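Colleague: So here's data_18.cif, just mmCIF, C-alpha atoms:
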data_work
#
loop_
_atom_site.group_PDB
_atom_site.id
_atom_site.type_symbol
_atom_site.label_atom_id
_atom_site.label_comp_id
_atom_site.auth_asym_id
_atom_site.auth_seq_id
_atom_site.Cartn_x
_atom_site.Cartn_y
_atom_site.Cartn_z
ATOM 1 C CA CYS A 18 0.000 0.000 0.000
ATOM 2 C CA LEU A 19 0.979 3.594 -0.594
ATOM 3 C CA ILE A 20 0.054 5.777 2.371
ATOM 4 C CA ASN A 21 0.592 9.525 1.951
ATOM 5 C CA HIS A 22 0.823 12.312 4.528
ATOM 6 C CA HIS A 23 -1.613 12.936 7.396
ATOM 7 C CA CYS A 24 -3.424 9.593 7.122
ATOM 8 C CA GLU A 25 -4.879 7.859 10.181
ATOM 9 C CA ILE A 26 -5.640 4.134 10.268
ATOM 10 C CA GLY A 27 -7.556 2.696 13.239
ATOM 11 C CA ASP A 28 -7.218 -0.683 14.949
ATOM 12 C CA GLY A 29 -8.148 -4.097 13.557
ATOM 13 C CA ASN A 30 -8.123 -3.116 9.871
ATOM 14 C CA LEU A 31 -7.114 -5.305 6.951
ATOM 15 C CA LEU A 32 -5.850 -3.558 3.798
ATOM 16 C CA GLY A 33 -5.283 -5.575 0.635
ATOM 17 C CA PRO A 34 -2.213 -5.112 -1.548
ATOM 18 C CA GLY A 35 -1.958 -2.138 -3.876
ATOM 19 C CA CYS A 36 -4.178 0.275 -1.912
ATOM 20 C CA MET A 37 -3.428 3.981 -2.279
ATOM 21 C CA LEU A 38 -4.332 6.512 0.407
ATOM 22 C CA SER A 39 -3.965 10.121 -0.710
ATOM 23 C CA GLY A 40 -3.351 12.781 1.921
ATOM 24 C CA HIS A 41 -5.654 13.361 4.902
ATOM 25 C CA VAL A 42 -7.493 10.003 4.788
ATOM 26 C CA LYS A 43 -8.944 8.689 8.048
ATOM 27 C CA ILE A 44 -9.999 5.029 8.383
ATOM 28 C CA GLY A 45 -11.924 3.902 11.484
ATOM 29 C CA ASN A 46 -11.653 0.518 13.218
ATOM 30 C CA ASN A 47 -12.337 -3.046 12.016
ATOM 31 C CA CYS A 48 -12.522 -2.229 8.298
ATOM 32 C CA LEU A 49 -11.801 -4.569 5.391
ATOM 33 C CA ILE A 50 -10.261 -2.806 2.394
ATOM 34 C CA GLY A 51 -9.845 -4.926 -0.746
ATOM 35 C CA SER A 52 -6.851 -4.859 -3.065
ATOM 36 C CA GLY A 53 -6.250 -1.882 -5.323
ATOM 37 C CA VAL A 54 -8.656 0.478 -3.552
ATOM 38 C CA ILE A 55 -7.854 4.157 -4.193
ATOM 39 C CA PHE A 56 -8.785 6.838 -1.644
ATOM 40 C CA GLU A 57 -9.060 10.421 -2.860
ATOM 41 C CA PRO A 58 -7.819 13.129 -0.440
ATOM 42 C CA HIS A 59 -9.811 14.245 2.612
ATOM 43 C CA VAL A 60 -12.144 11.243 3.033
ATOM 44 C CA ASN A 61 -13.293 9.733 6.322
ATOM 45 C CA ILE A 62 -14.152 6.045 6.602
ATOM 46 C CA GLY A 63 -16.297 4.907 9.542
ATOM 47 C CA ASN A 64 -15.990 1.728 11.629
ATOM 48 C CA ASP A 65 -16.836 -1.782 10.379
ATOM 49 C CA VAL A 66 -16.736 -0.751 6.696
ATOM 50 C CA VAL A 67 -16.084 -3.155 3.813
ATOM 51 C CA ILE A 68 -14.733 -1.730 0.545
ATOM 52 C CA CYS A 69 -14.430 -4.220 -2.307
ATOM 53 C CA SER A 70 -11.334 -4.510 -4.495
ATOM 54 C CA GLY A 71 -10.802 -1.922 -7.203
ATOM 55 C CA SER A 72 -13.130 0.690 -5.711
ATOM 56 C CA VAL A 73 -12.335 4.404 -5.881
ATOM 57 C CA VAL A 74 -13.414 6.222 -2.723
ATOM 58 C CA VAL A 75 -14.239 9.887 -3.407
ATOM 59 C CA GLY A 76 -16.343 10.742 -0.338
ATOM 60 C CA ASP A 77 -16.983 9.876 3.294
ATOM 61 C CA ILE A 78 -18.380 6.438 4.182
ATOM 62 C CA LYS A 79 -20.607 5.872 7.226
ATOM 63 C CA ASN A 80 -20.201 3.097 9.828
ATOM 64 C CA LYS A 81 -21.202 -0.475 8.908
ATOM 65 C CA THR A 82 -21.378 0.162 5.159
ATOM 66 C CA HIS A 83 -20.292 -2.096 2.278
ATOM 67 C CA ILE A 84 -19.022 -0.423 -0.894
ATOM 68 C CA ARG A 85 -18.626 -2.090 -4.270
ATOM 69 C CA GLY A 86 -17.213 0.050 -7.087
ATOM 70 C CA GLU A 87 -18.476 -0.887 -10.521
ATOM 71 C CA LYS A 88 -16.573 -0.533 -13.789
ATOM 72 C CA LYS A 89 -18.111 2.909 -14.302
ATOM 73 C CA LEU A 90 -17.122 5.468 -11.673
ATOM 74 C CA ASP A 91 -20.670 6.887 -11.604
ATOM 75 C CA SER A 92 -22.075 3.512 -10.588
ATOM 76 C CA ILE A 93 -21.354 2.665 -6.971
ATOM 77 C CA SER A 94 -23.639 0.424 -4.923
ATOM 78 C CA VAL A 95 -23.825 1.114 -1.206
ATOM 79 C CA TYR A 96 -25.058 -1.644 1.100
ATOM 80 C CA GLN A 97 -26.311 -1.089 4.628
ATOM 81 C CA GLY A 98 -27.975 -3.802 6.655
ATOM 82 C CA GLY A 99 -27.906 -6.232 3.702
ATOM 83 C CA ARG A 100 -29.794 -3.999 1.247
ATOM 84 C CA ILE A 101 -28.722 -1.500 -1.405
ATOM 85 C CA VAL A 102 -29.421 2.046 -0.247
ATOM 86 C CA SER A 103 -28.006 3.892 -3.268
ATOM 87 C CA GLY A 104 -26.429 3.185 -6.626
ATOM 88 C CA LYS A 105 -27.237 2.209 -10.187
ATOM 89 C CA SER A 106 -27.633 -1.302 -11.520
#
Let me see the structure of the file written as structure tokens.
Modeller:
Amino acid sequence: CLINHHCEIGDGNLLGPGCMLSGHVKIGNNCLIGSGVIFEPHVNIGNDVVICSGSVVVGDIKNKTHIRGEKKLDSISVYQGGRIVSGKS
């Protein structure tokens, strides 16, 4: 992983290979970050978040959320409590 300046990573996290954290990224506790995930600057990730491989994170993510980035950057499905709460199919 490439971790730039002013990044904070909480306890109990697993980050896959090839992740890139731009500056000022904050990751909470007990998160699972898949391989090749890219974090844009100034994003905050809550606790117990799952981000699937290859996703591009451009905004804050709330606690207990699952993110799956699709091939198109404008198509991101967000799962909370086992159901999709936003995204395109």
Colleague: Can you pull out the residues contacting Ser70 (chain A)? Cut-off 7 Å, using only C-alpha atoms, and skip same-chain residues under 4 positions away; I want them as a list in words.
Modeller: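 The residues satisfying every condition are Gly51, Ser52, Gly53 and Val54 of chain A.
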Colleague: Nearest residue to Pro34 (chain A) out of A:Asn47, A:Thr82, A:Val60, A:Gly71, using all atoms listed in the file?
Modeller: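 Of A:Asn47, A:Thr82, A:Val60, A:Gly71, the one nearest Pro34 (chain A) is A:Gly71, counting all atoms listed in the file.
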Colleague: Rounded to one decimal place, report the CA of Val66 (chain A)-CA of Ile20 (chain A) distance in Å.
Modeller: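 Separation between CA of Val66 (chain A) and CA of Ile20 (chain A): 18.5 Å.
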Colleague: Within 8 Å of Ser39 (chain A), counting only C-alpha atoms, which residues qualify if same-chain residues fewer than 4 places away don't, as a VMD selection string?
Modeller: chain A and resid 20 to 22 24 55 to 59
Colleague: Keeping C-alpha atoms for every residue in the selection just given, could you write it to a file as a JSON list (two decimals), keeping the file's coordinate frame?
Modeller:
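Contents of again-v8.json, freshly written:
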[["chain", "number", "residue", "atom", "x", "y", "z"],
["A", 20, "ILE", "CA", 0.05, 5.78, 2.37],
["A", 21, "ASN", "CA", 0.59, 9.52, 1.95],
["A", 22, "HIS", "CA", 0.82, 12.31, 4.53],
["A", 24, "CYS", "CA", -3.42, 9.59, 7.12],
["A", 55, "ILE", "CA", -7.85, 4.16, -4.19],
["A", 56, "PHE", "CA", -8.78, 6.84, -1.64],
["A", 57, "GLU", "CA", -9.06, 10.42, -2.86],
["A", 58, "PRO", "CA", -7.82, 13.13, -0.44],
["A", 59, "HIS", "CA", -9.81, 14.24, 2.61]]
Colleague: Out of A:Cys48, A:Leu31, A:Cys36, A:Cys18, which residue has the shortest atom-to-atom distance to Ser72 (chain A) when counting all atoms listed in the file?
Modeller: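 For Ser72 (chain A), the nearest of the given residues is A:Cys36.
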Colleague: Enter the distance from CA of Lys81 (chain A) to CA of Leu19 (chain A), in Å, rounded to one decimal.
Modeller: 24.5 Å
Colleague: To one decimal in Å, tell me the separation between CA of Ile26 (chain A) and CA of Ile50 (chain A).
Modeller: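 So the answer is 11.5 Å.
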Colleague: Neighbours of Gly63 (chain A) within 6 Å (all atoms listed in the file; same-chain residues fewer than 6 positions away dropped), as a PyMOL selection string?
Modeller: chain A and resi 45+78-80
Colleague: Include C-alpha atoms and write out the residues we just selected as a CSV table (one decimal), keeping the file's coordinate frame.
Modeller:
chain,number,residue,atom,x,y,z
A,45,GLY,CA,-11.9,3.9,11.5
A,78,ILE,CA,-18.4,6.4,4.2
A,79,LYS,CA,-20.6,5.9,7.2
A,80,ASN,CA,-20.2,3.1,9.8
Colleague: Draw an axis-aligned box over all listed atoms of region 29-32 of chain A, pad each side with 4 Å, and write its centre and edge lengths in Å, one decimal, as lines of an AutoDock Vina configuration file.
Modeller:
center_x = -7.0
center_y = -4.2
center_z = 8.7
size_x = 10.3
size_y = 10.2
size_z = 17.8
Colleague: Under the rule that all atoms listed in the file are counted, which of A:Leu38, A:Asn30, A:Lys43, A:His23 is the nearest residue to Val67 (chain A)?
Modeller: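 The closest residue to Val67 (chain A) is A:Asn30.
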